[in-house]
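Contents: one structure, followed by commentary.
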Amino acid sequence: MKRSADVLLSDGTAAHLRQIRPEDAPAIVDFHSRMSDRTRYLRYFSPYPRIPERDLQRFVNVDHRDREAFVTVADGRITAVGRYERLGPGSPEAEVAFVVEDAHQGRGIGSMLLEHLADAARENGITRFVAEVLPENSGMLRVFGDSGYQVQRRYADGVVHLGFPIEPTEKSREVQESREHVTEARSIARLLAPRGIAVYGASATGQGIGAHILGNLRDGGYTGAIVPVHPSAERVAGLTAYRAASDAGVPIDLAVIAVPASRVAEAGRDAARAGAGGGVVVSAGFAETGPEGAARQRNLVEAARAAGLRVVGPSSVGIANTDPGVRLNATLSPRLPVAGRVGFFSQSGALGVALLAEADRRGLGLSSFVSAGNRADVSGNDLLQYWQDDPGTDVVLLYLETFGNPRKFARLARRISRIKPVVAVAAATRPPGLAGDLPGPDAHAVTALFARSGVIRVDTVQELFDVGMILAHQPLPAGRRVAVVGNSSALAELAVMACRAAGLVVADGYPRDMGPGAGAHDIADALAEASVDDRVDALLVVFAPPIPGQHADEDADFAAALASVALAGEKPTVATLVFGQAPPRVPGYPSVEEAVRALSRVADYADWLRRPPGALPELPGVDPAAAEAAETPAELLAAYGIPVLPSLQVGDEDAALAAAAEVGYPVALKAASVALRHRIDLGAVRLAVTTEDGVRAAYRELAGAFGPDVLVQTMVRPGVACVVEVVEDPAFGPVVGFGLGGVASELLGDLAWRAAPLTDRAAAALVDEPRAAPLLHGYRGATPVDRAALIDLLLRVGRLADEHPRVRSLTLNPVLARPDGWTVLHAAVEFRDSGARPDTGPRRLRNA
C-alpha cells in the first residue's frame with residue numbers, strides 16, 4: 001500500500017511525507033551530509049561520518065510491512081527520516097527511530113512521523129513500539145513522552161529503553177487533535193498577519209484585478225511591506241517592483257497571485273523561495289471551468305504543498321484583517337467594514353464583495369475575512385481552528401456551499417461553539433452523491449443537527465447578518481421570555497404571534513403598547529422598566545412614528561432612549577422601526593418577523609450552551625478489531641454487543657420446514673425482501689406458526705404473493721417495534737437515527753437524529769424525541785419498555801458508526817423494545833469500497 005500525505009508542521013508550514021524509495025539513495029546521502037556531528041551521534045550512537053553502501057541500500061529498500069520508512073520532503077530535499085523494523089518474523093513488536101535535519105528540528109516532524117509510522121505498523125499487525133534513546137537526546141525523549149501513549153522507560157547501559165503499545169488511546173487522540181488545532185491555526189495566522197506581501201499580476205498601467213488589489217492594500221494602510229513582482233516594470237502603483245520576491249530583501253509571509261492560471265504555480269514557487277507561508281490565488285481558470293481546470297487545480301495544490309505553501313482559492317475574492325496593527329485589505333473590495341469582533345468566512349468568491357458591502361452597510365464590524373473561492377486547500381475548518389483562540393474574534397459567520405470534510409466540521413463545531421457562537425448559511429437538503437441516494441435527515445432534521453452541535457444554521461445571507469448583529473452587539477438571553485414594547489398595537493400583535501410561532505414566550509405583563517401619542521420619554525421609561533423586569537429575558541421594540549419625518553427631534557430622542565437601553569448590556573434588545581434606522585450597534589430589522597426569527601435563533605443557542613455536553617461512556621463487550629475483520633452484518637454488530645436474532649432464507653416448502661425445525665417453534669415467516677419483511681399490513685409476515693402444516697400453508701401464501709424467497713425466524717416475546725439507522729450526512733458525517741416502526745412513522749418521517757459518536761445525553765434524547773415516543777413510556781397503561789437498554793443500544797450503534805468508516809449505512813429494523821430489554825430481528829449494512837474517512841488516521845492536509 002502506497003502511503004503519502006501533505007502535513008502541517010508546528011510552525012504552520014506545509015511539508016510532504018511519503019514512503020522511502022530506492023531512488024532516494026543520493027538524497028539520503030545528501031541529507032546525511034547536512035546533519036551536524038551531534039545529530040548523527042544521537043541517532044546512531046557513534047560518529048557515523050558517512051553511510052556505507054551496504055547500509056545505504058538497506059535504508060532505502062524496505063518491504064513496507066516488516067520494515068517501513070517515511071521521509072519528509074521540503075523544497076525537493078529530504079528533511080527527516082523515520083522508520084520501524086519488526087523484531088523478528090511475526091513479532092508484534094517493532095523498533096522505531098527518527099532523525100531530523102538540524103535546520104528543521106523543533107517543528108514537530110518527529111511527532112508527525114510517529115503518528116504515520118504507528119498507523120502503518122498497526123495495519124501490518126504490529127501492536128507495540130520499542131526505542132533506544134541516549135539520555136541527552138531530550139528532543140526525541142520528548143517526542144515519545146508527549147505522544148499520549150503509555151510509555152514505559154528503563155535505563156540500562158547508558159541508554160533509555162522505551163516501550164509502548166501503539167493502539168490509539170483517548171489521550172493520544174487528544175494530543176493529536178490538539179496538535180492539529182495548533183498547526184492549522186498557526187498556518188492561518190501567518191496568512192492574516194503577514195510581515196510582508198508579494199503581489200503577482202499587478203500591471204504597471206493600473207488596470208486589472210492584480211492592480212486593483214495592490215491599490216486596496218496600499219490605500220488600506222497595510223502596515224507591512226508590499227512587494228510588487230513584475231517581469232519588466234521598475235515601478236508599479238508607485239512602489240518599487242522586483243523580478244523575484246526574494247530580491248526585495250524583506251520578510252515575505254503571503255503572496256497575492258492574480259496572474260493567468262498557467263503561471264500561478266510559478267508565482268507560488270517564487271513566493272516560497274522568499275519565505276512565504278501561503279498564497280491567495282485570485283486567478284480563475286481552475287476547477288470551476290471543467291475537468292481540465294480541475295486537473296490544473298490539483299497540480300497547483302501539489303506544487304504549493306511541495307513548496308510548503310497553503311493556498312486560499314483559486315477564484316478567491318481575497319482576505320482581510322482589520323486589526324489596526326495589520327490593516328490588511330488583500331481583497332477586491334475597495335472598502336472594508338469597520339473593525340470589529342466578527343470573523344467571516346465565505347466559500348463563494350462571487351458573493352464575497354457583496355457580503356463585505358452588506359456587513360459594512362449593517363455596521364457589523366469584522367475582525368478578519370477570508371474568501372475561499374474553489375477551496376482547494378484552506379477551508380472553513382481551518383478558519384474555525386484559527387478563530388477559536390483568536391482574541392480579536394468573538395463571533396464566527398460562515399457562508400458554506402458544500403462540506404469538504406463534514407466529520408471534522410462537526411467535531412470542530414461542537415468544540416468551538418462552546419467558546420464562541422458559530423452562525424452558518426448551509427444547505428439543509430441532502431445533495432446527490434455523498435449521501436443523497438440514502439434515506440436520512442430531512443431539512444428540518446438537518447437544522448436540528450446543526451443546533452445540537454451548537455451551530456446556528458440559517459437559510460439566507462440576510463439571516464446570517466440578522467443573527468450576527470445580535471451576537472456581535474448584544475448579550476445572550478437568559479431564557480425565552482420576551483418583552484414587547486412599542487407605540488403600535490398592530491406591530492405589537494404581529495410580534496406576539498411571531499414569538500409564539502418561533503417558540504419564544506411573551507413575558508407576563510406584555511406586550512406593552514404605549515399608544516401612537518406616546519412620546520420618546522414615555523417609551524424610554526417603559527424600556528428602562530422592562531430592562532430590569534425579572535420576568536423578562538429579552539426586549540423587542542416596535543416603533544412607528546405617527547407622522548413620519550415631521551418630528552425629527554422626537555425620533556432622535558427615541559433613538560437615544562433605545563440606544564441607552566440596548567447598549568447597557570443587561571438583556572438583548574432588538575428593534576423594528578417602520579421608518580428610520582436603529583442606532584449604531586442596536587440590531588434593527590425592517591419587519592417584526594425578521595427580528596423575532598433572529599432572536600429565536602440566538603435563544604436556541606443560549607439554551608444549548610446551558611445544557612451539559614454529555615459524556616462518551618465506557619461500553620463493555622466492544623471489540624473493534626473483531627468488527628474490522630467482520631464480513632457479515634451479524635458479525636459486525638456482535639463485535640459491538642448487538643446480537644441479531646438469526647433467520648434462515650429458504651426457497652421451497654421443504655427448506656422452510658427444515659429451517660423451522662432448526663430455529664425452533666413457534667416461528668415467523670416473512671417475505672425475504674428488505675422492504676417487505678416487516679410489513680404485516682401488506683400480509684408479508686406470518687407470526688406464531690406452531691406446526692409443520694402451518695409452515696407449509698404460510699410458505700405457500702407468502703411465495704404466491706411475494707415470490708419464493710422467504711425468511712424463517714424463531715418467535716420472541718412481543719414488544720414495541722423500533723428502527724435504528726446510520727447514514728452518512730453531507731454536513732456531519734455519520735449520523736444515527738431512531739424512531740418507532742410502522743407505516744405511519746415512515747410516512748411522517750418520525751425519526752430523530754444525532755451525529756456520531758453519541759454521548760449519554762444524546763442517546764437519551766434520541767429515545768425520547770420521536771413524536772411516537774410515548775408508546776415506549778407506558779402510553780395508555782402499557783408497561784414501559786427498558787429505556788436504559790435502548791439508550792445502551794444507541795450508544796453502541798453510535799460508537800460503531802464513529803469507529804468504522806467502511807460502514808456506509810446501517811439499519812436495524814425492527815428492534816423489539818420490551819420491559820426486559822430488546823431484540824434486533826433484522827439488520828442490513830452497506831459497506832463502502834474504502835474504509836477511510838477524511839477525518840480519521842494520522843494528521844494530514846486534505847484537499848478541502
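Identifiers in the C-alpha cells: chain A, B, ... in order shown; residue index from 1 per chain; ligand index from 1 in order shown.
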
Considering only C-alpha atoms, return as a PyMOL selection string whatever protein or nucleic-acid residues lie within 6 Å of segment 466-473 of chain A, sequence-local ones (same chain, fewer than 3 positions apart) excluded. chain A and resi 463+585+587+598

Limited to N, CA and C atoms, could you put the picked residues into a file as an mmCIF file, in the first residue's frame?
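Once written, selection_21.cif looks like this:
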data_model
loop_
_atom_site.group_PDB
_atom_site.id
_atom_site.type_symbol
_atom_site.label_atom_id
_atom_site.label_comp_id
_atom_site.auth_asym_id
_atom_site.auth_seq_id
_atom_site.Cartn_x
_atom_site.Cartn_y
_atom_site.Cartn_z
ATOM 1 N N GLU A 463 -30.399 36.369 6.857
ATOM 2 C CA GLU A 463 -30.497 35.849 8.223
ATOM 3 C C GLU A 463 -29.131 35.757 8.893
ATOM 4 N N ARG A 585 -25.020 49.739 16.509
ATOM 5 C CA ARG A 585 -24.837 48.599 17.417
ATOM 6 C C ARG A 585 -26.143 48.111 18.032
ATOM 7 N N PRO A 587 -29.390 46.063 16.984
ATOM 8 C CA PRO A 587 -29.916 45.269 15.870
ATOM 9 C C PRO A 587 -31.300 45.752 15.455
ATOM 10 N N ALA A 598 -34.540 36.115 14.238
ATOM 11 C CA ALA A 598 -33.137 36.227 14.655
ATOM 12 C C ALA A 598 -33.002 36.028 16.158
#

Would you give me, as a count of residues only, the residues in segment 8-257 of chain A that DSSP reads as strand (DSSP E)? 69

Could you make a table, as a Markdown table, of the residues of segment 310-332 of chain A that have an atom within 10 Å of an atom of segment 241-263 of chain A, each with its nearest atom pair and distance in Å to one decimal, counting only C-alpha atoms, in chain and number order?
| residue | atom | partner | partner_atom | distance |
| --- | --- | --- | --- | --- |
| A:Arg310 | CA | A:Leu254 | CA | 9.5 |
| A:Val311 | CA | A:Ala255 | CA | 9.5 |
| A:Val312 | CA | A:Val256 | CA | 9.5 |
| A:Gly313 | CA | A:Ile257 | CA | 9.9 |
| A:Pro314 | CA | A:Ala261 | CA | 9.1 |
| A:Ser315 | CA | A:Ala258 | CA | 9.4 |
| A:Ser316 | CA | A:Ala258 | CA | 9.9 |
| A:Gly318 | CA | A:Val256 | CA | 8.2 |
| A:Ile319 | CA | A:Val256 | CA | 9.5 |
| A:Ala330 | CA | A:Val256 | CA | 7.5 |
| A:Thr331 | CA | A:Val256 | CA | 9.5 |

Distance query segment 742-759 of chain A at most 9 Å, only C-alpha atoms, self and fewer than 3 positions along chain excluded, as a PyMOL selection string: chain A and resi 410+440-442+445-446+448-449+452-453+613-617+678-679+681+721-724+726+729+732-739+762-772+794-803

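Summary of the local environment: counting only C-alpha atoms, residues at most 10 Å from Ala559 of chain A, other than itself and those fewer than 5 positions away along its chain, are Ala520, Ala524, Asp553, Glu554, Ser564, Leu577, Gly580, Gln581, Ala582, Pro583, Pro584 and Val586 of chain A.
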
Select from segment 56-131 of chain A everything DSSP, run on the backbone, classes as alpha helix (DSSP H), then give the selection as a ChimeraX atom specification. /A:56-60,109-123

Write out the residues from the selection above, keeping all heavy atoms, as a compact mmCIF listing (two decimals), in the first residue's frame.
# COMPACT_ATOMS: atom_id res chain seq x y z
N LEU A 56 23.34 1.95 3.19
CA LEU A 56 22.51 2.83 2.35
C LEU A 56 21.45 2.02 1.62
O LEU A 56 20.26 2.40 1.58
CB LEU A 56 23.38 3.59 1.36
CG LEU A 56 22.65 4.53 0.40
CD1 LEU A 56 21.92 5.62 1.18
CD2 LEU A 56 23.63 5.14 -0.58
N GLN A 57 21.84 0.90 1.05
CA GLN A 57 20.87 0.08 0.33
C GLN A 57 19.81 -0.48 1.27
O GLN A 57 18.63 -0.60 0.89
CB GLN A 57 21.60 -1.05 -0.41
CG GLN A 57 22.45 -0.57 -1.57
CD GLN A 57 21.67 0.29 -2.55
OE1 GLN A 57 20.56 -0.07 -2.97
NE2 GLN A 57 22.24 1.44 -2.90
N ARG A 58 20.23 -0.82 2.46
CA ARG A 58 19.23 -1.32 3.42
C ARG A 58 18.29 -0.20 3.84
O ARG A 58 17.09 -0.42 4.04
CB ARG A 58 19.94 -1.90 4.64
CG ARG A 58 18.98 -2.43 5.70
CD ARG A 58 19.69 -3.17 6.81
NE ARG A 58 18.77 -3.53 7.86
CZ ARG A 58 17.93 -4.57 7.80
NH1 ARG A 58 17.89 -5.32 6.72
NH2 ARG A 58 17.12 -4.85 8.81
N PHE A 59 18.80 1.02 3.98
CA PHE A 59 17.96 2.15 4.39
C PHE A 59 16.85 2.42 3.36
O PHE A 59 15.71 2.69 3.74
CB PHE A 59 18.82 3.41 4.54
CG PHE A 59 19.68 3.43 5.77
CD1 PHE A 59 20.70 4.37 5.89
CD2 PHE A 59 19.49 2.52 6.80
CE1 PHE A 59 21.51 4.39 7.02
CE2 PHE A 59 20.29 2.54 7.93
CZ PHE A 59 21.30 3.47 8.05
N VAL A 60 17.19 2.38 2.07
CA VAL A 60 16.24 2.83 1.05
C VAL A 60 15.42 1.70 0.47
O VAL A 60 14.46 1.95 -0.29
CB VAL A 60 16.97 3.58 -0.08
CG1 VAL A 60 17.66 4.82 0.46
CG2 VAL A 60 17.96 2.68 -0.81
N ILE A 109 8.24 17.55 13.45
CA ILE A 109 8.35 16.50 12.43
C ILE A 109 8.39 15.12 13.07
O ILE A 109 7.77 14.17 12.58
CB ILE A 109 9.58 16.74 11.55
CG1 ILE A 109 9.42 18.04 10.76
CG2 ILE A 109 9.79 15.57 10.59
CD1 ILE A 109 10.61 18.40 9.90
N GLY A 110 9.12 14.98 14.19
CA GLY A 110 9.19 13.68 14.84
C GLY A 110 7.83 13.17 15.28
O GLY A 110 7.50 11.99 15.09
N SER A 111 7.01 14.05 15.86
CA SER A 111 5.66 13.66 16.30
C SER A 111 4.82 13.22 15.11
O SER A 111 4.06 12.25 15.19
CB SER A 111 5.00 14.83 17.02
OG SER A 111 5.74 15.21 18.16
N MET A 112 4.95 13.94 14.00
CA MET A 112 4.19 13.59 12.80
C MET A 112 4.62 12.23 12.26
O MET A 112 3.79 11.39 11.90
CB MET A 112 4.38 14.67 11.74
CG MET A 112 3.53 14.49 10.50
SD MET A 112 1.77 14.73 10.85
CE MET A 112 1.78 16.49 11.21
N LEU A 113 5.93 12.00 12.22
CA LEU A 113 6.42 10.70 11.74
C LEU A 113 5.94 9.57 12.63
O LEU A 113 5.55 8.49 12.14
CB LEU A 113 7.95 10.72 11.70
CG LEU A 113 8.59 11.48 10.54
CD1 LEU A 113 10.09 11.66 10.78
CD2 LEU A 113 8.35 10.78 9.21
N LEU A 114 5.92 9.78 13.93
CA LEU A 114 5.46 8.73 14.85
C LEU A 114 4.01 8.37 14.58
O LEU A 114 3.64 7.19 14.57
CB LEU A 114 5.65 9.19 16.30
CG LEU A 114 5.16 8.20 17.38
CD1 LEU A 114 5.90 6.87 17.26
CD2 LEU A 114 5.36 8.80 18.77
N GLU A 115 3.15 9.36 14.36
CA GLU A 115 1.74 9.09 14.07
C GLU A 115 1.60 8.21 12.82
O GLU A 115 0.85 7.22 12.81
CB GLU A 115 0.98 10.39 13.87
CG GLU A 115 0.73 11.19 15.13
CD GLU A 115 -0.06 12.45 14.85
OE1 GLU A 115 -0.75 12.50 13.81
OE2 GLU A 115 0.02 13.39 15.66
N HIS A 116 2.31 8.56 11.76
CA HIS A 116 2.15 7.84 10.49
C HIS A 116 2.81 6.45 10.56
O HIS A 116 2.28 5.49 9.99
CB HIS A 116 2.74 8.67 9.35
CG HIS A 116 1.86 9.82 8.95
ND1 HIS A 116 0.96 9.75 7.91
CD2 HIS A 116 1.72 11.06 9.49
CE1 HIS A 116 0.32 10.90 7.81
NE2 HIS A 116 0.76 11.71 8.75
N LEU A 117 3.92 6.34 11.26
CA LEU A 117 4.54 5.03 11.41
C LEU A 117 3.67 4.10 12.25
O LEU A 117 3.52 2.91 11.93
CB LEU A 117 5.92 5.18 12.05
CG LEU A 117 7.02 5.72 11.15
CD1 LEU A 117 8.24 6.11 11.98
CD2 LEU A 117 7.40 4.71 10.07
N ALA A 118 3.07 4.62 13.32
CA ALA A 118 2.19 3.79 14.15
C ALA A 118 0.98 3.32 13.36
O ALA A 118 0.55 2.17 13.49
CB ALA A 118 1.77 4.58 15.39
N ASP A 119 0.44 4.19 12.53
CA ASP A 119 -0.72 3.82 11.73
C ASP A 119 -0.37 2.71 10.75
O ASP A 119 -1.10 1.73 10.59
CB ASP A 119 -1.23 5.05 10.98
CG ASP A 119 -2.56 4.80 10.28
OD1 ASP A 119 -3.54 4.49 10.97
OD2 ASP A 119 -2.60 4.90 9.04
N ALA A 120 0.79 2.85 10.10
CA ALA A 120 1.23 1.80 9.16
C ALA A 120 1.53 0.50 9.88
O ALA A 120 1.19 -0.59 9.41
CB ALA A 120 2.47 2.29 8.40
N ALA A 121 2.16 0.58 11.04
CA ALA A 121 2.51 -0.62 11.79
C ALA A 121 1.27 -1.38 12.23
O ALA A 121 1.23 -2.63 12.16
CB ALA A 121 3.37 -0.24 13.00
N ARG A 122 0.27 -0.67 12.71
CA ARG A 122 -0.97 -1.35 13.15
C ARG A 122 -1.59 -2.13 12.01
O ARG A 122 -2.09 -3.24 12.21
CB ARG A 122 -1.96 -0.32 13.71
CG ARG A 122 -1.59 0.21 15.08
CD ARG A 122 -2.75 0.98 15.70
NE ARG A 122 -3.12 2.16 14.92
CZ ARG A 122 -2.61 3.37 15.10
NH1 ARG A 122 -1.67 3.56 16.03
NH2 ARG A 122 -3.01 4.39 14.38
N GLU A 123 -1.60 -1.56 10.82
CA GLU A 123 -2.18 -2.27 9.68
C GLU A 123 -1.40 -3.53 9.33
O GLU A 123 -1.94 -4.44 8.68
CB GLU A 123 -2.25 -1.34 8.47
CG GLU A 123 -3.31 -0.27 8.58
CD GLU A 123 -3.68 0.31 7.23
OE1 GLU A 123 -3.15 -0.16 6.21
OE2 GLU A 123 -4.48 1.26 7.22

When you look at Lys171 of chain A with a cut-off of 12 Å (counting only C-alpha atoms), what residues show up, excluding the ones that are within fewer than 2 positions of it in the same chain? I need them as an MDAnalysis selection string. chainID A and resid 145:150 166:169 173:178

Residues from the last selection, N, CA, C and O atoms, saved as an mmCIF file, in the first residue's frame:
data_model
loop_
_atom_site.group_PDB
_atom_site.id
_atom_site.type_symbol
_atom_site.label_atom_id
_atom_site.label_comp_id
_atom_site.auth_asym_id
_atom_site.auth_seq_id
_atom_site.Cartn_x
_atom_site.Cartn_y
_atom_site.Cartn_z
ATOM 1 N N GLY A 145 7.474 10.978 24.964
ATOM 2 C CA GLY A 145 6.771 11.279 26.213
ATOM 3 C C GLY A 145 5.516 12.083 26.011
ATOM 4 O O GLY A 145 4.552 11.961 26.781
ATOM 5 N N ASP A 146 5.481 12.923 24.965
ATOM 6 C CA ASP A 146 4.312 13.775 24.717
ATOM 7 C C ASP A 146 3.338 13.177 23.717
ATOM 8 O O ASP A 146 2.416 13.857 23.256
ATOM 9 N N SER A 147 3.519 11.913 23.358
ATOM 10 C CA SER A 147 2.708 11.310 22.298
ATOM 11 C C SER A 147 1.302 10.942 22.743
ATOM 12 O O SER A 147 0.415 10.756 21.917
ATOM 13 N N GLY A 148 1.103 10.796 24.050
ATOM 14 C CA GLY A 148 -0.185 10.334 24.545
ATOM 15 C C GLY A 148 -0.256 8.836 24.729
ATOM 16 O O GLY A 148 -1.242 8.310 25.267
ATOM 17 N N TYR A 149 0.773 8.107 24.286
ATOM 18 C CA TYR A 149 0.833 6.663 24.515
ATOM 19 C C TYR A 149 1.347 6.385 25.935
ATOM 20 O O TYR A 149 2.007 7.223 26.551
ATOM 21 N N GLN A 150 1.066 5.199 26.423
ATOM 22 C CA GLN A 150 1.525 4.788 27.748
ATOM 23 C C GLN A 150 2.958 4.272 27.642
ATOM 24 O O GLN A 150 3.205 3.080 27.429
ATOM 25 N N ILE A 166 0.843 0.797 20.622
ATOM 26 C CA ILE A 166 0.545 1.861 19.662
ATOM 27 C C ILE A 166 -0.938 1.919 19.289
ATOM 28 O O ILE A 166 -1.308 2.669 18.386
ATOM 29 N N GLU A 167 -1.777 1.156 19.976
ATOM 30 C CA GLU A 167 -3.220 1.308 19.771
ATOM 31 C C GLU A 167 -3.621 2.699 20.248
ATOM 32 O O GLU A 167 -3.236 3.126 21.335
ATOM 33 N N PRO A 168 -4.381 3.457 19.452
ATOM 34 C CA PRO A 168 -4.758 4.804 19.880
ATOM 35 C C PRO A 168 -5.490 4.796 21.216
ATOM 36 O O PRO A 168 -6.304 3.904 21.498
ATOM 37 N N THR A 169 -5.185 5.754 22.055
ATOM 38 C CA THR A 169 -5.852 5.926 23.338
ATOM 39 C C THR A 169 -6.578 7.250 23.336
ATOM 40 O O THR A 169 -6.395 8.099 22.455
ATOM 41 N N ARG A 173 -5.387 10.520 21.168
ATOM 42 C CA ARG A 173 -6.285 11.257 20.268
ATOM 43 C C ARG A 173 -6.359 12.720 20.668
ATOM 44 O O ARG A 173 -6.399 13.610 19.814
ATOM 45 N N GLU A 174 -6.419 12.982 21.976
ATOM 46 C CA GLU A 174 -6.438 14.374 22.438
ATOM 47 C C GLU A 174 -5.171 15.108 22.016
ATOM 48 O O GLU A 174 -5.231 16.260 21.568
ATOM 49 N N VAL A 175 -4.033 14.443 22.161
ATOM 50 C CA VAL A 175 -2.762 15.055 21.755
ATOM 51 C C VAL A 175 -2.773 15.343 20.262
ATOM 52 O O VAL A 175 -2.377 16.432 19.812
ATOM 53 N N GLN A 176 -3.246 14.381 19.482
ATOM 54 C CA GLN A 176 -3.268 14.542 18.030
ATOM 55 C C GLN A 176 -4.170 15.702 17.630
ATOM 56 O O GLN A 176 -3.792 16.538 16.786
ATOM 57 N N GLU A 177 -5.361 15.782 18.216
ATOM 58 C CA GLU A 177 -6.279 16.862 17.869
ATOM 59 C C GLU A 177 -5.763 18.210 18.353
ATOM 60 O O GLU A 177 -5.969 19.236 17.683
ATOM 61 N N SER A 178 -5.092 18.234 19.499
ATOM 62 C CA SER A 178 -4.519 19.481 19.988
ATOM 63 C C SER A 178 -3.431 19.984 19.043
ATOM 64 O O SER A 178 -3.368 21.184 18.729
#

Non-local contacts of Val574 of chain A (8 Å; only C-alpha atoms; under 6 positions in same chain excluded) as a list in words: Ile470, Leu539, Leu540, Val541, Ala566, Val586, Pro587, Gly588, Tyr589, Ala595 and Leu599 of chain A

Residues within 9 Å of Asp623 of chain A, only C-alpha atoms, excluding chain neighbours under 6 positions, as number ranges by chain: A: 638-641

Can you tell me how far atom CA of Phe409 of chain A sits from atom CA of Glu180 of chain A, in Å to one decimal? 13.4 Å

Return the single residue from A:Val62, A:Ala697, A:Ser10, A:Asp55 that is closest to Gly106 of chain A, with distances computed using only C-alpha atoms. A:Ser10
